[in-house]
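A.B. asks: Right, I'll just put the structure down here and ask away after.
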Amino acid sequence: MSVLVFVEGYNGEVKKSSLEAASYGSQVAKALGTDAKAVAIGEVKEEALAALGAQGISKVLYDHDDRLHNFVAEAYLKVIAQAAAQESAKVIVFSNTNVGAALGSRLAVRLNGSLATNVTQLPEISGDSFTVTRGVFSGKAFAQVKLTSDVKLIAVKKNTIEILNDAGTTAAVEPFSTGLSDADFAAAPKETVLQETDGVLLQEAEIVVSGGRGLKGPENWHLVEDLAKALGAATACSKPVSDQDWRPHSEHVGQTGITISPNLYIAIGISGAIQHLAGVNSSKVIVVINKDPEAPFFKAADYGIVGDAFEVVPKLIEAAKALDR
Amino acid sequence: MKILVCISNVPDTTSKINFTSDNAAFDKNGVQFVINPWDEYALTRAIELKEEKGGSVSVLNVGEADTEQNIRKALAIGADDAIRVNAHPKDAFFVAQQIAHVAKEGAYDIILMGKESIDYNGFQVHGMVGELLGIPAITPAFKLDMLDDTTARLEKEIEGGKEIVEVKLPFVASAQQPMCEPRIPNMRGIMTARTKPLNVVEPVSTETKTEYTSYSKPEKKGGVRMVDAANAGELITLLRNEAKVL
Ligand SMILES: Cc1cc2nc3c(=O)[nH]c(=O)nc-3n(C[C@H](O)[C@H](O)[C@H](O)COP(=O)(O)OP(=O)(O)OC[C@H]3O[C@@H](n4cnc5c(N)ncnc54)[C@H](O)[C@@H]3O)c2cc1C
């Protein structure tokens, strides 16, 4: 019996969300008195995989079949299922990303397991009972869920699990090959288009600077971008902003956009409608800049400035640039 | 082309979320239920495809009788007929089994749904249905077009970009914005919806894999600390020294 963590790469490195999943997996393994292994697929640097030792991973099975550079659900599924069988994995941990969701849901059926997504805390284990806590009602509540099957699959919500850092410990990286056939790649994407980013993925970012309709138009977005740059942050926006094509839809956060939980969320000229809050309310620290002291967002904020964004934000940019980072 | 759109019945986005006094269940008191916003993208895009290419759109809900109001709404928006699997949707696997059964019986070509429901935020039914039927599940898709009678072209979101996928019928896809502009019912739609078929079927027997035992709410924030606009730069100092997030 063991715990298996599925690790995702980005630009050759292990995603931060996968470091969190690894930390989760190794703590579950410890509680169960077993080992945590990982499986990695595609293009990830071997040093980065070996470094997963710091998150408590003892061994990484690494399949770098050339055909696996892009995400292909069926092929990835086979690799993970085979790794799970080889390691007799009873708990499989991954991150609640788009890839994680696409894989976890199929894998749960294939392995006849219980799946919990959006998990925010380590499980409570007593005897045969295994209970996780997951976010429900778009960040407005948590639910305790018992996973009743023998095999348990857990998708960890981003930025909710602290990354272990046992410096100096390395994981053994073992080549792993699955004997995939061409049929497994039949649904391979025709094309993959990556956005231009300054290297900070919105879903993975620790700091997010976000703009709303209060910024008046796309020509003023340099305020958001410059502040983000000075803080090493990703940029986001409210729904009307992307609906009007001021910004791409991939930046839209909220109930019908993406859900983020950074350490710091700075909202500029956003009123704080309940549907917007649903996407950002689990951010650890929320800063609101709005000229209307009655804006509902202040009720959900940790820090606030009542003022005109066009005057306030340049001062923030200046102060942020002056930070030694 | 036969399209099946799965809709779930969820608390309106502005609802206050409360639980029963023992925290064992969601308190429906005073809550208004709507079609899950993500499912509205699936529904409208299905209707647009039918208008472009012909075929039919059926809506499916796994739920008890109180969901029929929203099923009728989906019919008013433009679906042709509806199926309600008469059961409390116990967990994602249970619902996926019901959907897979209906999809197979009805030989649907495309099975669409929202990427997740805004109540349980499971983000898993699409993949489960795809796996149960042994067909691809493209998720989360924000663009869906038919290239010809048997092949669809979808764009799906990946962290940091998008993928373009071409897939043969049948397949499952989950929808998210900006797939289309969700429609609202008009008067004529509301009138015709009354006479469209809504078939109630009993669930197939299946196990559940999870058990919800209790609910809790996040801790309340400690209140907001205001910084004077004239001294805005001080915020950055506070974020570094007090909140320790910079
Ligand atoms: C089903 C449904 C789903 C939805 N999903 C989402 C979602 O996912 N994400 C989302 O964001 N919204 C969503 N919405 C929309 C949401 O209800 C709000 O309409 C939206 O969030 C408002 O965006 P905003 O705050 O940018 O604009 P507004 O509400 O127009 O607010 C602009 C704010 O800027 C302030 N302002 C104006 N000028 C200045 C200035 N010079 N300096 C500083 N502040 C200024 C104003 O005081 C105001 O508070 C959804 C709505 C529904 C019904």
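In the structure tokens, the first chain shown is A, the next is B, and so on; residue numbers restart at 1 for each chain, and ligands run from 1 in the order shown.
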Counting only C-alpha atoms, which residues in chain B sit no more than 7 Å from chain A? For each one, give the nearest pair of atoms and the distance in Å, sorted by chain then residue number, as a tab-separated table.
C.D. replies:
```
residue	atom	partner	partner_atom	distance
B:Thr13	CA	A:Gln275	CA	6.3
B:Thr14	CA	A:Ile274	CA	6.1
B:Ile17	CA	A:Lys140	CA	6.8
B:Trp38	CA	A:Thr256	CA	6.7
B:Ile118	CA	A:Ser138	CA	5.8
B:Asp119	CA	A:Phe137	CA	4.2
B:Tyr120	CA	A:Val136	CA	4.9
B:Asn121	CA	A:Val136	CA	5.8
B:Gly122	CA	A:Thr117	CA	6.0
B:Phe123	CA	A:Ala101	CA	6.4
B:Gln124	CA	A:Ser105	CA	5.0
B:Gly127	CA	A:Ser105	CA	4.9
B:Met128	CA	A:Arg106	CA	5.2
B:Glu131	CA	A:Arg106	CA	5.3
B:Thr139	CA	A:Ala102	CA	6.5
B:Ile158	CA	A:Asn98	CA	6.1
B:Glu159	CA	A:Gln203	CA	6.9
B:Gly160	CA	A:Gln195	CA	5.9
B:Gly161	CA	A:Leu194	CA	4.1
B:Lys162	CA	A:Val193	CA	5.3
B:Glu163	CA	A:Thr192	CA	4.4
B:Ile164	CA	A:Glu191	CA	5.2
B:Val165	CA	A:Pro189	CA	4.5
B:Glu166	CA	A:Lys190	CA	6.8
B:Val167	CA	A:Ala187	CA	6.6
B:Lys209	CA	A:Ser114	CA	4.9
B:Thr210	CA	A:Leu147	CA	4.8
B:Glu211	CA	A:Lys146	CA	5.0
B:Tyr212	CA	A:Val145	CA	4.5
B:Thr213	CA	A:Gln144	CA	5.6
B:Ser214	CA	A:Gln144	CA	5.2
B:Tyr215	CA	A:Ala143	CA	4.3
B:Ser216	CA	A:Phe142	CA	5.2
B:Lys217	CA	A:Ala141	CA	4.4
B:Pro218	CA	A:Ala141	CA	6.0
B:Gly223	CA	A:Asp302	CA	6.2
B:Val224	CA	A:Asp302	CA	4.4
B:Arg225	CA	A:Tyr303	CA	4.7
B:Met226	CA	A:Gly304	CA	4.7
B:Val227	CA	A:Ile305	CA	5.3
B:Asp228	CA	A:Ile305	CA	6.3
B:Ala229	CA	A:Gly307	CA	5.6
B:Ala232	CA	A:Val312	CA	6.0
B:Gly233	CA	A:Leu316	CA	5.1
B:Ile236	CA	A:Ala320	CA	6.4
B:Val245	CA	A:Asn263	CA	6.4
```
A.B. asks: Name the residues of segment 27-100 of chain A that fall into helix (DSSP H, G or I) according to DSSP on the backbone, using the chain letters and numbers of this document, as an MDAnalysis selection string.
C.D. replies: chainID A and resid 27:32 46:55 66:68 73:86 98:100
A.B. asks: Using only C-alpha atoms, pick whichever of B:Lys221, B:Glu234, B:Phe19, B:Val125 has the shortest atom-to-atom distance to Gln97 of chain B.
C.D. replies: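 Looking at the shortest contact to Gln97 of chain B, the residue is B:Val125.
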A.B. asks: Could you pull the residues within 9 Å of Asp149 of chain B, counting only C-alpha atoms, minus those fewer than 2 positions along the same chain, as a ChimeraX atom specification?
C.D. replies: /B:1,53,146-147,151-152,169
A.B. asks: For Leu60 of chain B, find every residue with an atom within 7 Å (counting only C-alpha atoms), except residues of its own chain fewer than 4 positions away, and show them as a PyMOL selection string.
C.D. replies: chain B and resi 4-7+82-84
A.B. asks: Take the residues just selected and output them with C-alpha atoms as an mmCIF file, in the first residue's frame.
C.D. replies:
```cif
data_model
loop_
_atom_site.group_PDB
_atom_site.id
_atom_site.type_symbol
_atom_site.label_atom_id
_atom_site.label_comp_id
_atom_site.auth_asym_id
_atom_site.auth_seq_id
_atom_site.Cartn_x
_atom_site.Cartn_y
_atom_site.Cartn_z
ATOM 1 C CA LEU B 4 -28.294 16.030 -24.191
ATOM 2 C CA VAL B 5 -27.788 18.969 -21.837
ATOM 3 C CA CYS B 6 -27.447 18.169 -18.140
ATOM 4 C CA ILE B 7 -28.628 20.893 -15.796
ATOM 5 C CA ALA B 82 -36.815 17.044 -20.877
ATOM 6 C CA ILE B 83 -36.064 14.103 -18.678
ATOM 7 C CA ARG B 84 -36.040 14.183 -14.912
#
```
A.B. asks: Write out as an NGL selection string which residues come within 8 Å of Ser23 of chain A when counting only C-alpha atoms, dropping same-chain ones fewer than 5 positions away.
C.D. replies: :A and (55-56 or 161-164)
A.B. asks: Could you write out the selected residues, including N, CA, C and O atoms, as a CSV table (one decimal), in the first residue's frame?
C.D. replies:
```csv
chain,number,residue,atom,x,y,z
A,55,GLN,N,9.5,17.6,-0.2
A,55,GLN,CA,8.0,17.5,0.2
A,55,GLN,C,7.7,16.1,0.7
A,55,GLN,O,6.5,15.8,0.8
A,56,GLY,N,8.7,15.3,0.9
A,56,GLY,CA,8.4,14.0,1.5
A,56,GLY,C,8.2,12.9,0.6
A,56,GLY,O,7.7,11.8,0.9
A,161,ILE,N,-2.7,24.2,1.2
A,161,ILE,CA,-1.8,23.3,2.0
A,161,ILE,C,-0.4,23.9,2.0
A,161,ILE,O,0.1,24.3,0.9
A,162,GLU,N,0.2,23.9,3.2
A,162,GLU,CA,1.5,24.5,3.3
A,162,GLU,C,2.5,23.5,2.7
A,162,GLU,O,2.4,22.3,2.8
A,163,ILE,N,3.5,24.1,1.9
A,163,ILE,CA,4.5,23.2,1.3
A,163,ILE,C,5.6,22.9,2.3
A,163,ILE,O,6.2,23.7,2.9
A,164,LEU,N,5.8,21.5,2.4
A,164,LEU,CA,6.8,21.1,3.3
A,164,LEU,C,8.2,21.4,2.7
A,164,LEU,O,8.3,21.4,1.5
```
A.B. asks: Just to confirm, what's the straight-line distance from atom 38 (N, counted along the ligand's line) of ligand 1 to atom CA of Ala243 of chain B in Å (one decimal)?
C.D. replies: 26.5 Å
A.B. asks: As a PyMOL selection string, please: every residue in segment 26-188 of chain A that DSSP puts in strand (DSSP E or B).
C.D. replies: chain A and resi 36-41+44+59-63+89-95+114-119+124-126+129-136+141-147+152-156+172-175
A.B. asks: One decimal, in Å: what's the spacing between atom 33 (C, counted along the ligand's line) of ligand 1 and atom CA of Asn290 of chain A?
C.D. replies: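 Atom-to-atom, atom 33 (C, counted along the ligand's line) of ligand 1 and atom CA of Asn290 of chain A are spaced 6.5 Å apart.
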A.B. asks: Which residue is closest to ligand 1? Choose from A:Ser210, A:Thr235, A:Gln121, A:Ser18 and count only C-alpha atoms and all ligand atoms.
C.D. replies: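 Checking each candidate against ligand 1, we get A:Ser210 as the closest.
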A.B. asks: With 12 Å as the cut-off and only C-alpha atoms and all ligand atoms counted, what is the closest atom pair between each nearby residue of chain B and ligand 1? Distances in Å to one decimal, ordered by chain and number, as a tab-separated table.
C.D. replies:
```
residue	atom	partner	partner_atom_place_in_ligand_line	distance
B:Val10	CA	ligand 1	1 (C)	11.1
B:Pro11	CA	ligand 1	1 (C)	10.6
B:Asp12	CA	ligand 1	1 (C)	7.7
B:Thr13	CA	ligand 1	1 (C)	5.9
B:Thr14	CA	ligand 1	53 (C)	8.1
B:Ser15	CA	ligand 1	1 (C)	11.3
B:Phe33	CA	ligand 1	1 (C)	11.8
B:Val34	CA	ligand 1	1 (C)	9.3
B:Ile35	CA	ligand 1	1 (C)	9.5
B:Asn36	CA	ligand 1	1 (C)	8.3
B:Pro37	CA	ligand 1	1 (C)	5.5
B:Trp38	CA	ligand 1	1 (C)	8.6
B:Asp39	CA	ligand 1	1 (C)	10.8
B:Glu40	CA	ligand 1	1 (C)	9.4
B:Tyr41	CA	ligand 1	1 (C)	10.9
B:Ser117	CA	ligand 1	1 (C)	11.9
B:Ile118	CA	ligand 1	1 (C)	9.9
B:Gln176	CA	ligand 1	8 (O)	10.6
B:Gln177	CA	ligand 1	8 (O)	9.4
B:Pro178	CA	ligand 1	8 (O)	11.4
B:Glu181	CA	ligand 1	1 (C)	12.0
B:Pro182	CA	ligand 1	1 (C)	10.1
B:Ile184	CA	ligand 1	1 (C)	11.9
B:Ala229	CA	ligand 1	43 (C)	10.8
```
